[in-house]
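Note sheet for the following structure.
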Amino acid sequence: MSELLNYFQENRQNMVDQLIELIGYESFTADKAMVDKLGAYMQRQFEELQASSITRYALDEAGDMLLAKWHEDAPEKPILFLIHIDTVWPIGTLAERPVRIDEDGRLFGPGAVDMKGGITIVLWAIRGLLALQQMPKRPIWVLMTTDEEIGSKHSEALIKELGAQAGLVLVMEPGTREGAIKTWRKGVAMYTIDIEGRASHAGNAPEQGINSIIEFAQQALKIHELNDLRNGTSVSVTMVNGGSARNVIPAHTSGFIDVRTMLQTESERIQRELSSLEPMTPGAKIVVECEHQRPPMEHNDQMKRTVEQAKRIGEAVGVTVREDGSGGGSDGNFTAGMGIPTLDGLGPQGDGLHALHEHVVINSLPTRAALIAGILRDWVFED
Ligand SMILES: [Zn+2]
């Protein structure tokens, strides 16, 4: 067993204790005061781990964000961690579902795997390197955000700004149920479609109306044809709302379109197609808007090289790295979409994100910490 892995195996119970402590700070995205309490705890952790600087980014509508740096003056490009401390669980969930550990060594609790387990691993990877006097003299940045669960609207710009300077981005979202990391994620775009027709009495003057539901139905069929599942592209009309009364030709119909893509070229194709939809009914108007977008994390050549290096480092510290992917996005999509080497799903093995059976497989805490510590110590940038 490598020295690193041995260290984390010996500290397995300490890692579990810290994970339970983190879960004890409930941190529902919408409750700024509670998220800030966890932020203060994180600040103390970064100080204890000898961060050379900690910068606070105050937010009004979400918890304050923190950026902790180690060896910021060293010449190399930084390795950037992305962690988010918010969860989807309203305050009080913990009282209803306290932390428990079952006989298979799974730890259940709100936010356990998404992503307090991942946060535990980052803190311990740094702690272990310091304890073993193997902390590399390279810049290491940890960006702690507070709004990932609502789409990172407050943190997106900062993630991109810091990501652009990084040589490697490590995203601490959960690993898969089987413990694989995530080496592709679909891009996500949420569109709204609004159709305007003209209202008219369905009995007295139906011919004077412009039926927005009929127009919507025709557009929905055209939109459906944009699907290309073999390429990993799905285009789904997921919600519709139209009409005002049973005897009125409907003037207004609106809907939602969920778009997922494996390839950036596909995201662009769908965007082009949706923004050039033309009304079929004379007089009808269509407005399509993209409300929210994360580019795909592509499984391209750069990703393959990045994963290969992670596997080699894993082997050297005694940890097997396996790969999988996800149809859902994360903050890693932003940095991968910018062409920055990004590894995601580095958090613990587990399951049940945003669900009642959310849990962490305890045995994966030390192995993941050894992998992360090995990456920090041994990673070689390409160029
Ligand atoms: Zn998450």
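Residues are referred to by chain and number: the chain letter is A, B, ... according to the order shown in the structure tokens, the number counts from 1 in that chain, and ligands are numbered separately from 1 in the order shown.
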Produce a table with one row for each residue of chain A that has an atom at most 10 Å from any atom of ligand 1, each row naming the nearest atom pair and its distance in Å at one decimal; use only C-alpha atoms and all ligand atoms; arrange rows by chain and rising residue number; format as CSV.
residue,atom,partner,partner_atom_place_in_ligand_line,distance
A:Ile83,CA,ligand 1,1 (Zn),8.1
A:His84,CA,ligand 1,1 (Zn),6.7
A:Ile85,CA,ligand 1,1 (Zn),8.4
A:Asp86,CA,ligand 1,1 (Zn),8.1
A:Thr87,CA,ligand 1,1 (Zn),7.4
A:Val88,CA,ligand 1,1 (Zn),9.0
A:Gly111,CA,ligand 1,1 (Zn),8.6
A:Val113,CA,ligand 1,1 (Zn),8.0
A:Asp114,CA,ligand 1,1 (Zn),4.5
A:Met115,CA,ligand 1,1 (Zn),5.2
A:Lys116,CA,ligand 1,1 (Zn),8.9
A:Gly118,CA,ligand 1,1 (Zn),9.1
A:Asp147,CA,ligand 1,1 (Zn),9.7
A:Glu148,CA,ligand 1,1 (Zn),6.6
A:Glu149,CA,ligand 1,1 (Zn),6.6
A:Val171,CA,ligand 1,1 (Zn),9.4
A:Met172,CA,ligand 1,1 (Zn),7.9
A:Glu173,CA,ligand 1,1 (Zn),5.1
A:Pro174,CA,ligand 1,1 (Zn),7.1
A:Gly329,CA,ligand 1,1 (Zn),9.6
A:Ser330,CA,ligand 1,1 (Zn),7.2
A:Asp331,CA,ligand 1,1 (Zn),8.7
A:Gly345,CA,ligand 1,1 (Zn),9.4
A:Gly347,CA,ligand 1,1 (Zn),9.6
A:Leu353,CA,ligand 1,1 (Zn),8.0
A:His354,CA,ligand 1,1 (Zn),9.0
Each residue of segment 38-139 of chain A lying at most 12 Å from segment 20-32 of chain A should get a row with its shortest atom-to-atom pair and the distance in Å to one decimal, counting only C-alpha atoms; could you produce that, ordered by chain and increasing number, as CSV?
residue,atom,partner,partner_atom,distance
A:Leu38,CA,A:Tyr25,CA,5.8
A:Gly39,CA,A:Ser27,CA,9.4
A:Ala40,CA,A:Tyr25,CA,10.6
A:Tyr41,CA,A:Leu22,CA,8.7
A:Met42,CA,A:Leu22,CA,9.2
A:Gln45,CA,A:Leu22,CA,11.2
A:Ala58,CA,A:Lys32,CA,10.9
A:Leu59,CA,A:Lys32,CA,9.0
A:Asp60,CA,A:Lys32,CA,8.2
A:Glu61,CA,A:Lys32,CA,6.9
A:Ala62,CA,A:Lys32,CA,5.2
A:Gly63,CA,A:Lys32,CA,4.7
A:Asp64,CA,A:Lys32,CA,8.1
A:Met65,CA,A:Lys32,CA,11.1
A:His84,CA,A:Thr29,CA,9.9
A:Ile85,CA,A:Ser27,CA,6.9
A:Asp86,CA,A:Thr29,CA,4.9
A:Thr87,CA,A:Phe28,CA,4.9
A:Val88,CA,A:Phe28,CA,5.6
A:Trp89,CA,A:Phe28,CA,5.3
A:Pro90,CA,A:Phe28,CA,5.2
A:Ile91,CA,A:Glu26,CA,6.1
A:Gly92,CA,A:Glu26,CA,8.0
A:Thr93,CA,A:Glu26,CA,8.3
A:Leu94,CA,A:Glu26,CA,7.3
A:Ala95,CA,A:Gly24,CA,9.9
A:Arg97,CA,A:Ile23,CA,11.2
A:Pro98,CA,A:Gly24,CA,9.0
A:Val99,CA,A:Ile20,CA,7.2
A:Arg100,CA,A:Ile20,CA,9.5
A:Ile101,CA,A:Ile20,CA,10.5
A:Leu107,CA,A:Ile20,CA,8.9
A:Phe108,CA,A:Ile20,CA,9.7
A:Gly109,CA,A:Ile23,CA,7.0
A:Pro110,CA,A:Ile23,CA,6.8
A:Gly111,CA,A:Ile23,CA,6.4
A:Ala112,CA,A:Ile23,CA,6.4
A:Val113,CA,A:Ile23,CA,9.9
A:Asp114,CA,A:Ile23,CA,10.3
A:Met115,CA,A:Ile23,CA,9.6
A:Lys116,CA,A:Leu22,CA,6.3
A:Gly117,CA,A:Leu22,CA,8.6
A:Gly118,CA,A:Leu22,CA,10.8
A:Ile119,CA,A:Leu22,CA,8.6
A:Thr120,CA,A:Leu22,CA,8.0
A:Ile121,CA,A:Leu22,CA,11.7
A:Leu123,CA,A:Leu22,CA,11.4
Keeping only C-alpha atoms, write those residues as a tab-separated table (two decimals), in the first residue's frame.
chain	number	residue	atom	x	y	z
A	38	LEU	CA	-21.05	26.55	6.92
A	39	GLY	CA	-18.95	29.09	5.00
A	40	ALA	CA	-17.47	30.30	8.30
A	41	TYR	CA	-16.64	26.70	9.22
A	42	MET	CA	-14.95	26.26	5.85
A	45	GLN	CA	-10.71	24.81	7.90
A	58	ALA	CA	-20.02	38.53	-0.73
A	59	LEU	CA	-23.42	37.80	-2.28
A	60	ASP	CA	-26.81	39.22	-1.34
A	61	GLU	CA	-29.05	36.41	-2.53
A	62	ALA	CA	-26.85	33.42	-1.78
A	63	GLY	CA	-24.18	32.45	0.70
A	64	ASP	CA	-20.81	34.22	0.40
A	65	MET	CA	-18.26	32.42	-1.76
A	84	HIS	CA	-20.23	23.86	-3.64
A	85	ILE	CA	-21.46	23.85	-0.06
A	86	ASP	CA	-25.18	24.34	-0.78
A	87	THR	CA	-27.65	21.45	-0.86
A	88	VAL	CA	-31.18	20.87	-2.13
A	89	TRP	CA	-32.44	20.04	1.36
A	90	PRO	CA	-34.58	22.56	3.29
A	91	ILE	CA	-33.57	23.28	6.87
A	92	GLY	CA	-35.09	20.68	9.17
A	93	THR	CA	-34.44	17.72	6.87
A	94	LEU	CA	-31.62	16.58	9.14
A	95	ALA	CA	-33.97	16.35	12.12
A	97	ARG	CA	-33.49	12.03	8.62
A	98	PRO	CA	-30.49	12.10	10.94
A	99	VAL	CA	-27.18	10.65	9.80
A	100	ARG	CA	-27.05	6.87	9.96
A	101	ILE	CA	-24.56	4.24	8.88
A	107	LEU	CA	-23.43	6.72	5.38
A	108	PHE	CA	-26.86	8.29	4.80
A	109	GLY	CA	-27.72	11.94	5.36
A	110	PRO	CA	-28.92	15.07	3.53
A	111	GLY	CA	-26.09	16.38	1.34
A	112	ALA	CA	-23.83	13.42	2.20
A	113	VAL	CA	-22.81	12.66	-1.38
A	114	ASP	CA	-23.80	15.99	-3.00
A	115	MET	CA	-21.32	17.18	-2.06
A	116	LYS	CA	-20.21	17.10	1.55
A	117	GLY	CA	-18.36	13.86	0.89
A	118	GLY	CA	-16.39	15.60	-1.88
A	119	ILE	CA	-15.61	18.53	0.42
A	120	THR	CA	-14.34	16.11	3.08
A	121	ILE	CA	-12.02	14.56	0.50
A	123	LEU	CA	-9.88	18.99	3.05
Nearest candidate to Val307 of chain A (options A:Thr261, A:Ala180, A:Thr192, A:Pro250; using only C-alpha atoms): A:Ala180
Quick one: of A:Leu4, A:Gly314, A:Leu274, A:Arg185, who's nearest to Ala220 of chain A, counting only C-alpha atoms?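 Of A:Leu4, A:Gly314, A:Leu274, A:Arg185, the one nearest Ala220 of chain A, counting only C-alpha atoms, is A:Leu274.
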Strand (DSSP E or B) residues, from DSSP on the backbone, in segment 195-326 of chain A, as number ranges by chain: A: 195-196, 198, 200-201, 210, 228, 233-242, 248-249, 252-261, 285-294, 297, 323-326
Just want the 12 Å neighbourhood of Ser254 of chain A, counted on only C-alpha atoms, with same-chain residues fewer than 3 positions away dropped. Output as number ranges by chain. A: 191-197, 212-217, 219-220, 237-243, 250-251, 257, 285-289
Would you output that residue set with N, CA and C atoms, as a short mmCIF file (atom, residue, chain, number, x, y, z; two decimals), in the first residue's frame?
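selection_27.cif, written as the output of this step:
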data_model
loop_
_atom_site.label_atom_id
_atom_site.label_comp_id
_atom_site.auth_asym_id
_atom_site.auth_seq_id
_atom_site.Cartn_x
_atom_site.Cartn_y
_atom_site.Cartn_z
N TYR A 191 -34.81 26.04 -22.99
CA TYR A 191 -35.41 27.07 -23.84
C TYR A 191 -36.87 27.28 -23.45
N THR A 192 -37.33 28.51 -23.66
CA THR A 192 -38.77 28.76 -23.60
C THR A 192 -39.23 29.11 -25.00
N ILE A 193 -40.44 28.71 -25.31
CA ILE A 193 -41.04 29.10 -26.59
C ILE A 193 -42.38 29.78 -26.28
N ASP A 194 -42.55 30.95 -26.84
CA ASP A 194 -43.80 31.70 -26.63
C ASP A 194 -44.45 31.94 -27.98
N ILE A 195 -45.71 31.59 -28.07
CA ILE A 195 -46.43 31.78 -29.32
C ILE A 195 -47.60 32.70 -29.09
N GLU A 196 -47.66 33.70 -29.94
CA GLU A 196 -48.75 34.64 -29.83
C GLU A 196 -49.65 34.55 -31.05
N GLY A 197 -50.93 34.36 -30.79
CA GLY A 197 -51.91 34.35 -31.87
C GLY A 197 -52.87 35.51 -31.67
N SER A 212 -53.13 29.86 -31.18
CA SER A 212 -51.73 29.66 -30.78
C SER A 212 -51.46 28.22 -30.38
N ILE A 213 -52.49 27.48 -29.97
CA ILE A 213 -52.26 26.07 -29.61
C ILE A 213 -51.98 25.24 -30.87
N ILE A 214 -52.73 25.51 -31.93
CA ILE A 214 -52.48 24.79 -33.19
C ILE A 214 -51.09 25.12 -33.72
N GLU A 215 -50.72 26.39 -33.63
CA GLU A 215 -49.37 26.78 -34.05
C GLU A 215 -48.31 26.07 -33.19
N PHE A 216 -48.54 26.06 -31.89
CA PHE A 216 -47.59 25.40 -30.98
C PHE A 216 -47.45 23.92 -31.34
N ALA A 217 -48.60 23.27 -31.59
CA ALA A 217 -48.58 21.83 -31.88
C ALA A 217 -47.71 21.55 -33.11
N GLN A 219 -45.27 23.45 -34.28
CA GLN A 219 -43.86 23.72 -33.93
C GLN A 219 -43.29 22.59 -33.07
N ALA A 220 -44.12 22.07 -32.17
CA ALA A 220 -43.63 21.00 -31.28
C ALA A 220 -43.20 19.79 -32.10
N VAL A 237 -39.78 18.61 -25.74
CA VAL A 237 -40.77 19.59 -25.32
C VAL A 237 -41.36 19.05 -24.02
N THR A 238 -41.12 19.75 -22.91
CA THR A 238 -41.44 19.15 -21.61
C THR A 238 -42.63 19.77 -20.89
N MET A 239 -43.00 21.02 -21.25
CA MET A 239 -44.16 21.63 -20.60
C MET A 239 -44.87 22.51 -21.61
N VAL A 240 -46.18 22.60 -21.45
CA VAL A 240 -46.94 23.50 -22.31
C VAL A 240 -48.09 24.10 -21.51
N ASN A 241 -48.38 25.34 -21.85
CA ASN A 241 -49.42 26.06 -21.14
C ASN A 241 -50.08 26.98 -22.15
N GLY A 242 -51.37 26.79 -22.38
CA GLY A 242 -51.98 27.64 -23.39
C GLY A 242 -53.48 27.78 -23.21
N GLY A 243 -54.04 28.85 -23.80
CA GLY A 243 -55.47 29.07 -23.77
C GLY A 243 -55.92 29.82 -22.55
N PRO A 250 -57.36 30.40 -28.53
CA PRO A 250 -56.30 30.80 -27.61
C PRO A 250 -55.29 31.76 -28.24
N ALA A 251 -55.07 32.87 -27.55
CA ALA A 251 -54.14 33.90 -28.07
C ALA A 251 -52.71 33.59 -27.69
N ILE A 257 -38.50 23.70 -23.47
CA ILE A 257 -37.77 22.70 -24.25
C ILE A 257 -36.47 22.39 -23.52
N LYS A 285 -46.94 34.74 -34.01
CA LYS A 285 -45.56 35.15 -33.71
C LYS A 285 -44.92 34.13 -32.78
N ILE A 286 -43.62 33.89 -33.01
CA ILE A 286 -42.89 32.94 -32.16
C ILE A 286 -41.68 33.64 -31.55
N VAL A 287 -41.51 33.49 -30.24
CA VAL A 287 -40.27 33.97 -29.60
C VAL A 287 -39.64 32.78 -28.87
N VAL A 288 -38.39 32.47 -29.22
CA VAL A 288 -37.67 31.40 -28.53
C VAL A 288 -36.52 32.03 -27.75
N GLU A 289 -36.40 31.65 -26.48
CA GLU A 289 -35.29 32.19 -25.68
C GLU A 289 -34.58 31.08 -24.93
#
Residues flagged helix (DSSP H, G or I) by DSSP in segment 103-219 of chain A, as a VMD selection string: chain A and resid 112 to 131 148 to 150 156 to 163 206 to 208 212 to 219
Could the residues in this selection be written to a file with C-alpha atoms, as a PDB file, in the first residue's frame?
ATOM      1  CA  ALA A 112     -23.827  13.415   2.200  1.00  0.00           C
ATOM      2  CA  VAL A 113     -22.810  12.658  -1.375  1.00  0.00           C
ATOM      3  CA  ASP A 114     -23.803  15.993  -2.999  1.00  0.00           C
ATOM      4  CA  MET A 115     -21.318  17.176  -2.060  1.00  0.00           C
ATOM      5  CA  LYS A 116     -20.207  17.104   1.553  1.00  0.00           C
ATOM      6  CA  GLY A 117     -18.355  13.858   0.890  1.00  0.00           C
ATOM      7  CA  GLY A 118     -16.392  15.599  -1.882  1.00  0.00           C
ATOM      8  CA  ILE A 119     -15.609  18.531   0.421  1.00  0.00           C
ATOM      9  CA  THR A 120     -14.342  16.109   3.075  1.00  0.00           C
ATOM     10  CA  ILE A 121     -12.019  14.562   0.504  1.00  0.00           C
ATOM     11  CA  VAL A 122     -10.489  17.912  -0.545  1.00  0.00           C
ATOM     12  CA  LEU A 123      -9.881  18.991   3.048  1.00  0.00           C
ATOM     13  CA  TRP A 124      -8.297  15.652   3.875  1.00  0.00           C
ATOM     14  CA  ALA A 125      -6.181  15.431   0.734  1.00  0.00           C
ATOM     15  CA  ILE A 126      -4.541  18.733   1.710  1.00  0.00           C
ATOM     16  CA  ARG A 127      -4.335  17.729   5.374  1.00  0.00           C
ATOM     17  CA  GLY A 128      -2.635  14.458   4.442  1.00  0.00           C
ATOM     18  CA  LEU A 129      -0.071  16.087   2.163  1.00  0.00           C
ATOM     19  CA  LEU A 130       0.793  18.579   4.904  1.00  0.00           C
ATOM     20  CA  ALA A 131       1.058  15.857   7.544  1.00  0.00           C
ATOM     21  CA  GLU A 148     -24.705  25.219  -7.705  1.00  0.00           C
ATOM     22  CA  GLU A 149     -28.054  23.624  -6.971  1.00  0.00           C
ATOM     23  CA  ILE A 150     -29.906  26.520  -8.589  1.00  0.00           C
ATOM     24  CA  GLU A 156     -20.727  31.151 -13.227  1.00  0.00           C
ATOM     25  CA  ALA A 157     -18.655  34.229 -14.125  1.00  0.00           C
ATOM     26  CA  LEU A 158     -16.127  33.612 -11.329  1.00  0.00           C
ATOM     27  CA  ILE A 159     -15.848  29.908 -12.186  1.00  0.00           C
ATOM     28  CA  LYS A 160     -15.023  30.847 -15.767  1.00  0.00           C
ATOM     29  CA  GLU A 161     -12.611  33.609 -14.777  1.00  0.00           C
ATOM     30  CA  LEU A 162     -10.624  31.328 -12.460  1.00  0.00           C
ATOM     31  CA  GLY A 163     -10.991  28.324 -14.752  1.00  0.00           C
ATOM     32  CA  PRO A 206     -63.637  31.557 -34.968  1.00  0.00           C
ATOM     33  CA  GLU A 207     -62.252  32.654 -38.346  1.00  0.00           C
ATOM     34  CA  GLN A 208     -61.012  35.926 -36.823  1.00  0.00           C
ATOM     35  CA  SER A 212     -51.733  29.664 -30.776  1.00  0.00           C
ATOM     36  CA  ILE A 213     -52.257  26.068 -29.614  1.00  0.00           C
ATOM     37  CA  ILE A 214     -52.484  24.787 -33.189  1.00  0.00           C
ATOM     38  CA  GLU A 215     -49.370  26.779 -34.052  1.00  0.00           C
ATOM     39  CA  PHE A 216     -47.588  25.395 -30.980  1.00  0.00           C
ATOM     40  CA  ALA A 217     -48.578  21.825 -31.884  1.00  0.00           C
ATOM     41  CA  GLN A 218     -47.052  22.177 -35.351  1.00  0.00           C
ATOM     42  CA  GLN A 219     -43.864  23.719 -33.932  1.00  0.00           C
TER      43      GLN A 219
END
